[in-house]
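Structure below is upload.pdb: PDB, C-alpha atoms and all ligand atoms.
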```
ATOM      1  CA  PRO A   1       9.079   4.793 -13.533
ATOM      2  CA  ARG A   2       7.856   1.483 -12.176
ATOM      3  CA  TYR A   3       6.475  -1.325 -14.325
ATOM      4  CA  PHE A   4       3.958  -3.817 -12.962
ATOM      5  CA  ALA A   5       2.589  -6.950 -14.612
ATOM      6  CA  LEU A   6      -1.074  -7.899 -14.365
ATOM      7  CA  ILE A   7      -2.053 -11.334 -15.698
ATOM      8  CA  PRO A   8      -5.789 -11.948 -16.228
ATOM      9  CA  ALA A   9      -6.269 -15.681 -15.598
ATOM     10  CA  ALA A  10      -9.963 -15.912 -14.742
ATOM     11  CA  GLY A  11     -11.236 -17.349 -18.017
ATOM     12  CA  VAL A  12     -12.877 -20.751 -18.422
ATOM     13  CA  GLY A  13     -11.303 -21.686 -21.760
ATOM     14  CA  ALA A  14     -14.561 -22.505 -23.539
ATOM     15  CA  ARG A  15     -12.928 -22.775 -26.971
ATOM     16  CA  MET A  16     -10.222 -25.097 -25.661
ATOM     17  CA  ALA A  17     -12.926 -27.352 -24.198
ATOM     18  CA  ALA A  18     -10.448 -29.104 -21.887
ATOM     19  CA  ASP A  19     -11.273 -30.663 -18.503
ATOM     20  CA  GLY A  20     -10.629 -27.380 -16.715
ATOM     21  CA  PRO A  21      -9.486 -23.815 -17.453
ATOM     22  CA  LYS A  22      -6.817 -23.800 -20.174
ATOM     23  CA  GLN A  23      -4.317 -21.779 -18.104
ATOM     24  CA  TYR A  24      -3.676 -24.935 -16.051
ATOM     25  CA  ILE A  25      -2.981 -27.244 -18.984
ATOM     26  CA  ASP A  26       0.498 -28.758 -18.829
ATOM     27  CA  ILE A  27       2.883 -27.514 -21.493
ATOM     28  CA  GLY A  28       6.210 -29.312 -21.506
ATOM     29  CA  GLY A  29       6.051 -30.113 -17.787
ATOM     30  CA  LYS A  30       4.710 -26.811 -16.426
ATOM     31  CA  PRO A  31       1.180 -25.381 -16.295
ATOM     32  CA  MET A  32       0.602 -22.742 -18.976
ATOM     33  CA  LEU A  33       0.105 -20.024 -16.362
ATOM     34  CA  ARG A  34       3.423 -20.862 -14.702
ATOM     35  CA  HIS A  35       5.267 -20.265 -17.986
ATOM     36  CA  THR A  36       3.494 -16.911 -18.246
ATOM     37  CA  ILE A  37       4.371 -15.918 -14.676
ATOM     38  CA  ASP A  38       7.983 -17.030 -15.133
ATOM     39  CA  ALA A  39       8.391 -14.714 -18.131
ATOM     40  CA  PHE A  40       7.749 -11.723 -15.876
ATOM     41  CA  LEU A  41       9.816 -13.119 -12.992
ATOM     42  CA  SER A  42      12.727 -13.451 -15.428
ATOM     43  CA  SER A  43      12.562  -9.762 -16.360
ATOM     44  CA  ALA A  44      14.583  -7.351 -14.221
ATOM     45  CA  LEU A  45      12.341  -4.493 -15.410
ATOM     46  CA  ILE A  46       9.183  -5.674 -13.621
ATOM     47  CA  SER A  47       8.673  -4.421 -10.047
ATOM     48  CA  HIS A  48       5.936  -6.913  -9.164
ATOM     49  CA  THR A  49       3.539  -9.348 -10.806
ATOM     50  CA  TYR A  50      -0.159  -9.728 -10.028
ATOM     51  CA  VAL A  51      -2.401 -12.562 -11.211
ATOM     52  CA  VAL A  52      -6.197 -12.250 -11.193
ATOM     53  CA  VAL A  53      -8.223 -15.459 -10.924
ATOM     54  CA  SER A  54     -11.854 -16.200 -10.223
ATOM     55  CA  ALA A  55     -13.001 -16.379  -6.604
ATOM     56  CA  HIS A  56     -13.651 -20.132  -6.840
ATOM     57  CA  ASP A  57     -10.333 -21.066  -8.495
ATOM     58  CA  GLY A  58      -8.990 -24.106  -6.649
ATOM     59  CA  GLN A  59      -5.772 -24.622  -8.614
ATOM     60  CA  ILE A  60      -3.911 -21.347  -8.392
ATOM     61  CA  ASP A  61      -2.075 -21.985  -5.109
ATOM     62  CA  ALA A  62      -0.313 -25.017  -6.546
ATOM     63  CA  VAL A  63       0.885 -23.002  -9.535
ATOM     64  CA  VAL A  64       2.254 -19.726  -8.181
ATOM     65  CA  PRO A  65       5.785 -19.630  -6.806
ATOM     66  CA  PRO A  66       5.257 -18.749  -3.101
ATOM     67  CA  GLY A  67       5.848 -15.100  -2.284
ATOM     68  CA  ALA A  68       6.946 -14.102  -5.757
ATOM     69  CA  VAL A  69       3.583 -12.962  -7.122
ATOM     70  CA  THR A  70       0.339 -11.638  -5.645
ATOM     71  CA  VAL A  71      -2.900 -13.480  -6.422
ATOM     72  CA  LEU A  72      -6.078 -11.387  -6.647
ATOM     73  CA  ARG A  73      -9.236 -13.489  -6.394
ATOM     74  CA  CYS A  74     -11.562 -10.999  -8.014
ATOM     75  CA  GLY A  75     -11.945 -12.207 -11.606
ATOM     76  CA  GLY A  76     -15.121 -11.176 -13.406
ATOM     77  CA  ALA A  77     -17.401 -12.479 -16.142
ATOM     78  CA  SER A  78     -15.278 -11.014 -18.951
ATOM     79  CA  ARG A  79     -11.598 -10.222 -19.450
ATOM     80  CA  LEU A  80     -12.587  -6.566 -19.213
ATOM     81  CA  ALA A  81     -14.269  -7.128 -15.826
ATOM     82  CA  SER A  82     -11.330  -9.171 -14.525
ATOM     83  CA  VAL A  83      -8.814  -6.450 -15.409
ATOM     84  CA  GLN A  84     -11.091  -3.742 -14.038
ATOM     85  CA  ASN A  85     -11.624  -5.543 -10.731
ATOM     86  CA  ALA A  86      -7.895  -6.169 -10.379
ATOM     87  CA  LEU A  87      -6.954  -2.553 -11.082
ATOM     88  CA  ARG A  88      -9.484  -1.413  -8.491
ATOM     89  CA  ALA A  89      -7.962  -3.798  -5.951
ATOM     90  CA  LEU A  90      -4.531  -2.257  -6.620
ATOM     91  CA  ALA A  91      -5.623   1.330  -5.951
ATOM     92  CA  GLY A  92      -3.588   1.487  -2.745
ATOM     93  CA  GLU A  93      -0.446  -0.049  -4.232
ATOM     94  CA  LEU A  94      -0.005   1.621  -7.606
ATOM     95  CA  GLY A  95       0.458   5.311  -8.343
ATOM     96  CA  GLU A  96      -1.300   7.058 -11.195
ATOM     97  CA  PHE A  97       1.827   7.202 -13.361
ATOM     98  CA  ASP A  98       2.988   3.644 -12.717
ATOM     99  CA  TRP A  99       2.929   1.477 -15.836
ATOM    100  CA  VAL A 100       0.767  -1.640 -15.912
ATOM    101  CA  LEU A 101       1.595  -4.371 -18.409
ATOM    102  CA  VAL A 102      -1.592  -6.411 -18.854
ATOM    103  CA  HIS A 103      -0.779  -9.834 -20.283
ATOM    104  CA  ASP A 104      -3.016 -12.822 -21.047
ATOM    105  CA  ALA A 105      -2.321 -15.935 -18.991
ATOM    106  CA  ALA A 106      -2.967 -17.742 -22.272
ATOM    107  CA  ARG A 107       0.220 -16.354 -23.892
ATOM    108  CA  PRO A 108       2.902 -18.518 -22.255
ATOM    109  CA  GLY A 109       5.473 -17.859 -24.989
ATOM    110  CA  LEU A 110       6.271 -14.354 -23.737
ATOM    111  CA  ASN A 111       9.879 -13.860 -22.657
ATOM    112  CA  ALA A 112      12.099 -11.225 -21.071
ATOM    113  CA  ALA A 113      13.340 -10.030 -24.472
ATOM    114  CA  LEU A 114       9.827  -9.214 -25.675
ATOM    115  CA  ILE A 115       9.009  -7.484 -22.385
ATOM    116  CA  ALA A 116      12.154  -5.368 -22.730
ATOM    117  CA  LYS A 117      11.387  -4.600 -26.380
ATOM    118  CA  LEU A 118       7.945  -3.257 -25.467
ATOM    119  CA  ILE A 119       9.169  -1.219 -22.507
ATOM    120  CA  ASP A 120      12.092   0.207 -24.496
ATOM    121  CA  ALA A 121       9.768   1.293 -27.280
ATOM    122  CA  VAL A 122       6.964   2.885 -25.259
ATOM    123  CA  GLY A 123       8.332   3.397 -21.739
ATOM    124  CA  ASN A 124       8.632   7.135 -22.423
ATOM    125  CA  ASP A 125       5.444   7.468 -24.455
ATOM    126  CA  ALA A 126       2.593   9.689 -23.302
ATOM    127  CA  VAL A 127      -0.021   6.981 -23.908
ATOM    128  CA  GLY A 128       1.508   3.497 -24.074
ATOM    129  CA  GLY A 129       1.308   0.580 -26.451
ATOM    130  CA  LEU A 130       1.254  -3.129 -27.109
ATOM    131  CA  LEU A 131       2.985  -5.959 -28.868
ATOM    132  CA  ALA A 132       1.309  -6.768 -32.178
ATOM    133  CA  LEU A 133       2.001  -8.568 -35.443
ATOM    134  CA  PRO A 134       1.419  -7.281 -38.968
ATOM    135  CA  VAL A 135      -1.268  -9.341 -40.737
ATOM    136  CA  VAL A 136       0.331 -11.679 -43.263
ATOM    137  CA  ASP A 137      -2.750 -13.416 -44.675
ATOM    138  CA  THR A 138      -5.309 -12.116 -47.138
ATOM    139  CA  VAL A 139      -8.325 -10.972 -45.130
ATOM    140  CA  LYS A 140     -11.891 -11.610 -46.301
ATOM    141  CA  ARG A 141     -15.120  -9.976 -45.293
ATOM    142  CA  ALA A 142     -17.848 -12.600 -45.336
ATOM    143  CA  SER A 143     -21.572 -12.868 -45.004
ATOM    144  CA  MET A 144     -23.908 -15.789 -44.618
ATOM    145  CA  ALA A 145     -26.638 -15.936 -47.236
ATOM    146  CA  ALA A 146     -30.009 -17.338 -46.238
ATOM    147  CA  GLY A 147     -29.962 -21.115 -46.633
ATOM    148  CA  ALA A 148     -26.219 -21.316 -47.314
ATOM    149  CA  ASN A 149     -24.086 -23.948 -45.548
ATOM    150  CA  VAL A 150     -20.888 -21.881 -45.537
ATOM    151  CA  PRO A 151     -20.257 -18.108 -45.536
ATOM    152  CA  ALA A 152     -19.228 -16.364 -48.761
ATOM    153  CA  ALA A 153     -16.596 -13.664 -49.257
ATOM    154  CA  THR A 154     -18.053 -10.321 -50.244
ATOM    155  CA  SER A 155     -14.757  -8.415 -50.386
ATOM    156  CA  SER A 156     -11.110  -8.548 -49.398
ATOM    157  CA  VAL A 157      -9.747  -6.123 -46.832
ATOM    158  CA  ALA A 158      -6.393  -4.594 -47.766
ATOM    159  CA  ARG A 159      -4.015  -6.028 -45.160
ATOM    160  CA  ASP A 160      -1.729  -3.045 -45.454
ATOM    161  CA  GLY A 161      -1.870  -1.310 -42.077
ATOM    162  CA  LEU A 162      -3.656  -4.177 -40.330
ATOM    163  CA  TRP A 163      -2.119  -5.653 -37.195
ATOM    164  CA  LEU A 164      -3.068  -8.480 -34.839
ATOM    165  CA  ALA A 165      -2.966  -7.379 -31.207
ATOM    166  CA  GLN A 166      -0.906  -9.372 -28.763
ATOM    167  CA  THR A 167      -0.161  -8.642 -25.128
ATOM    168  CA  PRO A 168       1.454  -7.242 -22.977
ATOM    169  CA  GLN A 169      -0.417  -4.001 -23.425
ATOM    170  CA  MET A 170       1.141  -1.294 -21.277
ATOM    171  CA  PHE A 171      -0.517   1.882 -20.068
ATOM    172  CA  ARG A 172      -0.218   4.130 -17.063
ATOM    173  CA  TYR A 173      -2.382   3.064 -14.160
ATOM    174  CA  ARG A 174      -4.696   6.076 -14.058
ATOM    175  CA  LEU A 175      -5.293   6.262 -17.816
ATOM    176  CA  LEU A 176      -6.005   2.526 -17.992
ATOM    177  CA  CYS A 177      -8.464   2.694 -15.066
ATOM    178  CA  ASP A 178     -10.287   5.622 -16.659
ATOM    179  CA  ALA A 179     -10.418   3.995 -20.092
ATOM    180  CA  LEU A 180     -11.735   0.683 -18.770
ATOM    181  CA  ALA A 181     -14.274   2.456 -16.564
ATOM    182  CA  ALA A 182     -15.633   4.210 -19.649
ATOM    183  CA  ALA A 183     -15.929   0.905 -21.524
ATOM    184  CA  THR A 184     -19.412  -0.567 -21.437
ATOM    185  CA  ASP A 185     -19.524  -3.395 -23.968
ATOM    186  CA  ALA A 186     -17.164  -6.265 -23.138
ATOM    187  CA  SER A 187     -17.860  -7.834 -26.548
ATOM    188  CA  VAL A 188     -16.346  -4.761 -28.261
ATOM    189  CA  ILE A 189     -13.601  -3.977 -25.738
ATOM    190  CA  THR A 190     -11.742  -7.284 -26.033
ATOM    191  CA  ASP A 191      -8.361  -5.881 -25.078
ATOM    192  CA  ASP A 192      -7.011  -2.967 -23.064
ATOM    193  CA  ALA A 193      -5.839  -0.983 -26.058
ATOM    194  CA  SER A 194      -9.322  -0.831 -27.557
ATOM    195  CA  ALA A 195     -10.548   0.974 -24.428
ATOM    196  CA  ILE A 196      -7.666   3.444 -24.759
ATOM    197  CA  GLU A 197      -8.490   3.936 -28.463
ATOM    198  CA  ALA A 198     -12.130   4.608 -27.553
ATOM    199  CA  MET A 199     -10.836   7.516 -25.439
ATOM    200  CA  GLY A 200      -9.251   9.014 -28.559
ATOM    201  CA  PHE A 201      -5.657   7.950 -27.844
ATOM    202  CA  ALA A 202      -3.432   5.992 -30.229
ATOM    203  CA  PRO A 203      -1.464   3.165 -28.553
ATOM    204  CA  ARG A 204       1.904   2.389 -30.171
ATOM    205  CA  LEU A 205       2.291  -0.936 -31.951
ATOM    206  CA  VAL A 206       5.556  -2.742 -31.261
ATOM    207  CA  GLU A 207       6.282  -5.799 -33.378
ATOM    208  CA  GLY A 208       5.900  -8.927 -31.245
ATOM    209  CA  HIS A 209       6.740 -12.505 -32.192
ATOM    210  CA  PRO A 210       4.753 -15.585 -33.237
ATOM    211  CA  ARG A 211       6.014 -17.384 -30.105
ATOM    212  CA  ASN A 212       3.747 -15.048 -28.129
ATOM    213  CA  LEU A 213       0.636 -16.672 -29.646
ATOM    214  CA  LYS A 214      -2.558 -16.858 -27.629
ATOM    215  CA  VAL A 215      -3.352 -20.460 -26.839
ATOM    216  CA  THR A 216      -7.027 -20.640 -27.754
ATOM    217  CA  LEU A 217      -7.733 -23.939 -29.540
ATOM    218  CA  PRO A 218      -6.378 -27.449 -28.834
ATOM    219  CA  ALA A 219      -3.965 -27.266 -31.785
ATOM    220  CA  ASP A 220      -2.289 -24.196 -30.251
ATOM    221  CA  ILE A 221      -0.899 -26.294 -27.392
ATOM    222  CA  ARG A 222       1.604 -28.036 -29.629
ATOM    223  CA  ILE A 223       2.786 -24.766 -31.142
ATOM    224  CA  ALA A 224       3.308 -23.252 -27.699
ATOM    225  CA  GLU A 225       5.115 -26.417 -26.617
ATOM    226  CA  MET A 226       7.470 -26.114 -29.558
ATOM    227  CA  TYR A 227       8.408 -22.499 -28.773
ATOM    228  CA  LEU A 228       8.783 -23.197 -25.057
ATOM    229  CA  ALA A 229      11.033 -26.191 -25.692
ATOM    230  CA  ALA A 230      13.454 -24.159 -27.824
ATOM    231  CA  PRO A 231      13.766 -20.710 -26.230
TER
HETATM  232  N1  LIG M 301      -9.857 -13.878 -18.862
HETATM  233  C1  LIG M 301     -10.124 -13.419 -17.576
HETATM  234  N2  LIG M 301     -11.420 -13.318 -17.139
HETATM  235  C2  LIG M 301     -12.432 -13.667 -17.949
HETATM  236  C3  LIG M 301     -12.181 -14.119 -19.269
HETATM  237  C4  LIG M 301     -10.860 -14.206 -19.698
HETATM  238  O1  LIG M 301      -9.194 -13.103 -16.831
HETATM  239  N3  LIG M 301     -13.689 -13.597 -17.467
HETATM  240  C5  LIG M 301      -8.457 -14.064 -19.287
HETATM  241  C6  LIG M 301      -8.160 -15.504 -19.682
HETATM  242  O2  LIG M 301      -7.880 -16.297 -18.531
HETATM  243  C7  LIG M 301      -7.006 -15.353 -20.639
HETATM  244  C8  LIG M 301      -7.171 -13.950 -21.215
HETATM  245  O3  LIG M 301      -8.180 -13.295 -20.427
HETATM  246  O4  LIG M 301      -5.759 -15.426 -20.008
HETATM  247  C9  LIG M 301      -7.568 -14.004 -22.677
HETATM  248  O5  LIG M 301      -8.858 -14.599 -22.792
HETATM  249  P1  LIG M 301      -9.212 -15.871 -23.675
HETATM  250  O6  LIG M 301      -8.056 -16.324 -24.465
HETATM  251  O7  LIG M 301     -10.506 -15.577 -24.357
HETATM  252  O8  LIG M 301      -9.428 -17.007 -22.536
HETATM  253  P2  LIG M 301     -10.801 -17.661 -22.078
HETATM  254  O9  LIG M 301     -11.828 -16.595 -21.936
HETATM  255  O10 LIG M 301     -10.496 -18.500 -20.900
HETATM  256  O11 LIG M 301     -11.141 -18.627 -23.323
HETATM  257  P3  LIG M 301     -12.536 -18.706 -24.107
HETATM  258  O12 LIG M 301     -12.834 -17.310 -24.620
HETATM  259  O13 LIG M 301     -12.307 -19.692 -25.178
HETATM  260  O14 LIG M 301     -13.563 -19.149 -23.079
HETATM  261 MG    MG M 302     -12.471 -15.439 -23.659
END
```

Is it possible to give me this structure as structure tokens?
Amino acid sequence: PRYFALIPAAGVGARMAADGPKQYIDIGGKPMLRHTIDAFLSSALISHTYVVVSAHDGQIDAVVPPGAVTVLRCGGASRLASVQNALRALAGELGEFDWVLVHDAARPGLNAALIAKLIDAVGNDAVGGLLALPVVDTVKRASMAAGANVPAATSSVARDGLWLAQTPQMFRYRLLCDALAAATDASVITDDASAIEAMGFAPRLVEGHPRNLKVTLPADIRIAEMYLAAP
């Protein structure tokens, strides 16, 4: 089978609140997105890497290594829409049973070992799967009482059996297209696996690594920098 990487990189990084989209922030001398791309270029298992950016992205050309990856300028208003648009654009290039590894541009700590671990674990699976981490903290359900200044815990959720989804999330091209096409609410379908789950399938969970954190808030930059400095 063939394995393709698809990197959604069309977000604006609202929570990072930097000067521009967070995928272009410098981390240890390289833009975040370049670290992410290089992880896939360093894996011998990946046939080709695609990056999807918004149509008005003016920075991408300076970041991609020429010829090594294909840039799709069809990003949408949500991650879901960006992935959907990109998959549609690839209809002529990918076969229905080809695997697609969808991976956030905002997870620059990915490396070839984690890619291989995921592919080894689910490359023969009927459905597919994703990197994920078991929850280690105690999880609270909270509600906001009228007039309160902070939320209050109403119960604790047993963390046993709870996982935090990472990416890559790998599924066969046709199944992923169908699942995302059936998804309607981008606020509920926040990753690819949730669309697959909504179809009644059960994606495999493969233990990832903290270095594969999603860079979301300003403080995450330093953590990513630390992992990328000491591979
Ligand atoms: N993404 C995308 N298209 C969108 C929104 C997000 O391709 N319309 C991508 C982001 O570029 C990122 C990944 O999806 O690589 C995960 O999204 P997230 O971490 O939420 O990034 P942003 O949406 O950019 O950040 P924020 O939600 O804080 O605005
Ligand atoms: Mg977002």

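Each of A:Ala132, A:Met199, A:Ala39, A:Ala153 was checked against Leu110 in chain A using all atoms listed in the file; the smallest atom-to-atom distance is that of A:Ala39.
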
- Query: Counting all atoms listed in the file, which residues come within 10 Å of (4.5, -7.9, -12.1), with the point read in the file's coordinates, and could you list them as a VMD selection string?
  - Reply: chain A and resid 2 to 7 37 39 to 41 43 45 to 51 68 to 70 100 to 103

With C-alpha atoms retained, could you export that selection as an mmCIF file, in the frame of the given file?
```cif
data_model
loop_
_atom_site.group_PDB
_atom_site.id
_atom_site.type_symbol
_atom_site.label_atom_id
_atom_site.label_comp_id
_atom_site.auth_asym_id
_atom_site.auth_seq_id
_atom_site.Cartn_x
_atom_site.Cartn_y
_atom_site.Cartn_z
ATOM 1 C CA ARG A 2 7.856 1.483 -12.176
ATOM 2 C CA TYR A 3 6.475 -1.325 -14.325
ATOM 3 C CA PHE A 4 3.958 -3.817 -12.962
ATOM 4 C CA ALA A 5 2.589 -6.950 -14.612
ATOM 5 C CA LEU A 6 -1.074 -7.899 -14.365
ATOM 6 C CA ILE A 7 -2.053 -11.334 -15.698
ATOM 7 C CA ILE A 37 4.371 -15.918 -14.676
ATOM 8 C CA ALA A 39 8.391 -14.714 -18.131
ATOM 9 C CA PHE A 40 7.749 -11.723 -15.876
ATOM 10 C CA LEU A 41 9.816 -13.119 -12.992
ATOM 11 C CA SER A 43 12.562 -9.762 -16.360
ATOM 12 C CA LEU A 45 12.341 -4.493 -15.410
ATOM 13 C CA ILE A 46 9.183 -5.674 -13.621
ATOM 14 C CA SER A 47 8.673 -4.421 -10.047
ATOM 15 C CA HIS A 48 5.936 -6.913 -9.164
ATOM 16 C CA THR A 49 3.539 -9.348 -10.806
ATOM 17 C CA TYR A 50 -0.159 -9.728 -10.028
ATOM 18 C CA VAL A 51 -2.401 -12.562 -11.211
ATOM 19 C CA ALA A 68 6.946 -14.102 -5.757
ATOM 20 C CA VAL A 69 3.583 -12.962 -7.122
ATOM 21 C CA THR A 70 0.339 -11.638 -5.645
ATOM 22 C CA VAL A 100 0.767 -1.640 -15.912
ATOM 23 C CA LEU A 101 1.595 -4.371 -18.409
ATOM 24 C CA VAL A 102 -1.592 -6.411 -18.854
ATOM 25 C CA HIS A 103 -0.779 -9.834 -20.283
#
```

- Item | ligand MG 302 (chain M) neighbours within 9 Å using all atoms listed in the file, as JSON, numbers by chain | {"A": [11, 12, 13, 14, 15, 78, 79, 190, 216]}

Residues near Leu176 in chain A, anyone? I mean within 12 Å using only C-alpha atoms, not counting same-chain ones fewer than 2 positions away, as a PDB file with C-alpha atoms, keeping the file's coordinate frame.
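Listing of around_1.pdb after writing:
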```pdb
ATOM      1  CA  LEU A  80     -12.587  -6.566 -19.213  1.00  0.00           C
ATOM      2  CA  VAL A  83      -8.814  -6.450 -15.409  1.00  0.00           C
ATOM      3  CA  GLN A  84     -11.091  -3.742 -14.038  1.00  0.00           C
ATOM      4  CA  ALA A  86      -7.895  -6.169 -10.379  1.00  0.00           C
ATOM      5  CA  LEU A  87      -6.954  -2.553 -11.082  1.00  0.00           C
ATOM      6  CA  ARG A  88      -9.484  -1.413  -8.491  1.00  0.00           C
ATOM      7  CA  GLY A  95       0.458   5.311  -8.343  1.00  0.00           C
ATOM      8  CA  GLU A  96      -1.300   7.058 -11.195  1.00  0.00           C
ATOM      9  CA  PHE A  97       1.827   7.202 -13.361  1.00  0.00           C
ATOM     10  CA  ASP A  98       2.988   3.644 -12.717  1.00  0.00           C
ATOM     11  CA  TRP A  99       2.929   1.477 -15.836  1.00  0.00           C
ATOM     12  CA  VAL A 100       0.767  -1.640 -15.912  1.00  0.00           C
ATOM     13  CA  LEU A 101       1.595  -4.371 -18.409  1.00  0.00           C
ATOM     14  CA  VAL A 102      -1.592  -6.411 -18.854  1.00  0.00           C
ATOM     15  CA  VAL A 127      -0.021   6.981 -23.908  1.00  0.00           C
ATOM     16  CA  GLY A 128       1.508   3.497 -24.074  1.00  0.00           C
ATOM     17  CA  GLY A 129       1.308   0.580 -26.451  1.00  0.00           C
ATOM     18  CA  GLN A 169      -0.417  -4.001 -23.425  1.00  0.00           C
ATOM     19  CA  MET A 170       1.141  -1.294 -21.277  1.00  0.00           C
ATOM     20  CA  PHE A 171      -0.517   1.882 -20.068  1.00  0.00           C
ATOM     21  CA  ARG A 172      -0.218   4.130 -17.063  1.00  0.00           C
ATOM     22  CA  TYR A 173      -2.382   3.064 -14.160  1.00  0.00           C
ATOM     23  CA  ARG A 174      -4.696   6.076 -14.058  1.00  0.00           C
ATOM     24  CA  ASP A 178     -10.287   5.622 -16.659  1.00  0.00           C
ATOM     25  CA  ALA A 179     -10.418   3.995 -20.092  1.00  0.00           C
ATOM     26  CA  LEU A 180     -11.735   0.683 -18.770  1.00  0.00           C
ATOM     27  CA  ALA A 181     -14.274   2.456 -16.564  1.00  0.00           C
ATOM     28  CA  ALA A 182     -15.633   4.210 -19.649  1.00  0.00           C
ATOM     29  CA  ALA A 183     -15.929   0.905 -21.524  1.00  0.00           C
ATOM     30  CA  ASP A 191      -8.361  -5.881 -25.078  1.00  0.00           C
ATOM     31  CA  ASP A 192      -7.011  -2.967 -23.064  1.00  0.00           C
ATOM     32  CA  ALA A 193      -5.839  -0.983 -26.058  1.00  0.00           C
ATOM     33  CA  SER A 194      -9.322  -0.831 -27.557  1.00  0.00           C
ATOM     34  CA  ALA A 195     -10.548   0.974 -24.428  1.00  0.00           C
ATOM     35  CA  ILE A 196      -7.666   3.444 -24.759  1.00  0.00           C
ATOM     36  CA  GLU A 197      -8.490   3.936 -28.463  1.00  0.00           C
ATOM     37  CA  ALA A 198     -12.130   4.608 -27.553  1.00  0.00           C
ATOM     38  CA  MET A 199     -10.836   7.516 -25.439  1.00  0.00           C
ATOM     39  CA  PHE A 201      -5.657   7.950 -27.844  1.00  0.00           C
ATOM     40  CA  PRO A 203      -1.464   3.165 -28.553  1.00  0.00           C
TER      41      PRO A 203
END
```

- Query: Which residues come within 9 Å of Val53 in chain A, counting only C-alpha atoms, excluding same-chain residues fewer than 6 positions away, as a list in words?
  - Reply: Ile7, Pro8, Ala9, Ala10, Gly11, Ile60, Val71, Leu72, Arg73, Cys74, Gly75, Gly76 and Ser82 of chain A

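For the set A:Val215, A:Ile27, A:Ala44, A:Leu228, the residue with the smallest atom-to-atom gap to ligand LIG 301 (chain M) is A:Val215, counting all atoms listed in the file.
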
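CA of Arg107 in chain A is positioned 28.3 Å from CA of Ala142 in chain A.
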
If you take every atom of ligand LIG 301 (chain M) that the file lists and fit an axis-aligned box around them with 6 Å extra on each side, what centre and edge lengths come out in Å to one decimal, as lines of an AutoDock Vina configuration file?
```
center_x = -9.7
center_y = -16.4
center_z = -21.0
size_x = 19.9
size_y = 18.6
size_z = 20.3
```

- Item | For atom C9 of ligand LIG 301 (chain M) and CA of Ala112 in chain A, the interatomic separation in Å (one decimal) | 19.9 Å

- Return the single residue from A:Asp26, A:Leu94, A:Ala105, A:Lys117 that is closest to Arg222 in chain A, with distances computed using only C-alpha atoms. A:Asp26

- Straight-line distance linking atom N2 of ligand LIG 301 (chain M) with CA of Gln166 in chain A, stated in Å to one decimal: 16.2 Å

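Using all atoms listed in the file, the smallest distance between any of A:Ser155, A:Ala146, A:Asp104, A:Ala202 and Pro168 in chain A comes from A:Asp104.
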
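If you count only C-alpha atoms and ignore residues fewer than 3 places along the chain from Pro108 in chain A, what sits within 6 Å of it is A:Met32, A:His35, A:Thr36.
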
- For range 134-136 of chain A: contacts at 7 Å, all atoms listed in the file, fewer than 4 positions along chain excluded, given as a PyMOL selection string: chain A and resi 159+162-164

- Min atom-atom distance to ligand LIG 301 (chain M) from the set A:Ala148, A:Leu213, A:Cys177, A:Met16, counting only C-alpha atoms and all ligand atoms, belongs to A:Met16

- Note on the structure: Counting all atoms listed in the file, the residue among A:Arg204, A:Arg141, A:His56, A:Lys214 that lies closest to ligand LIG 301 (chain M) is A:Lys214
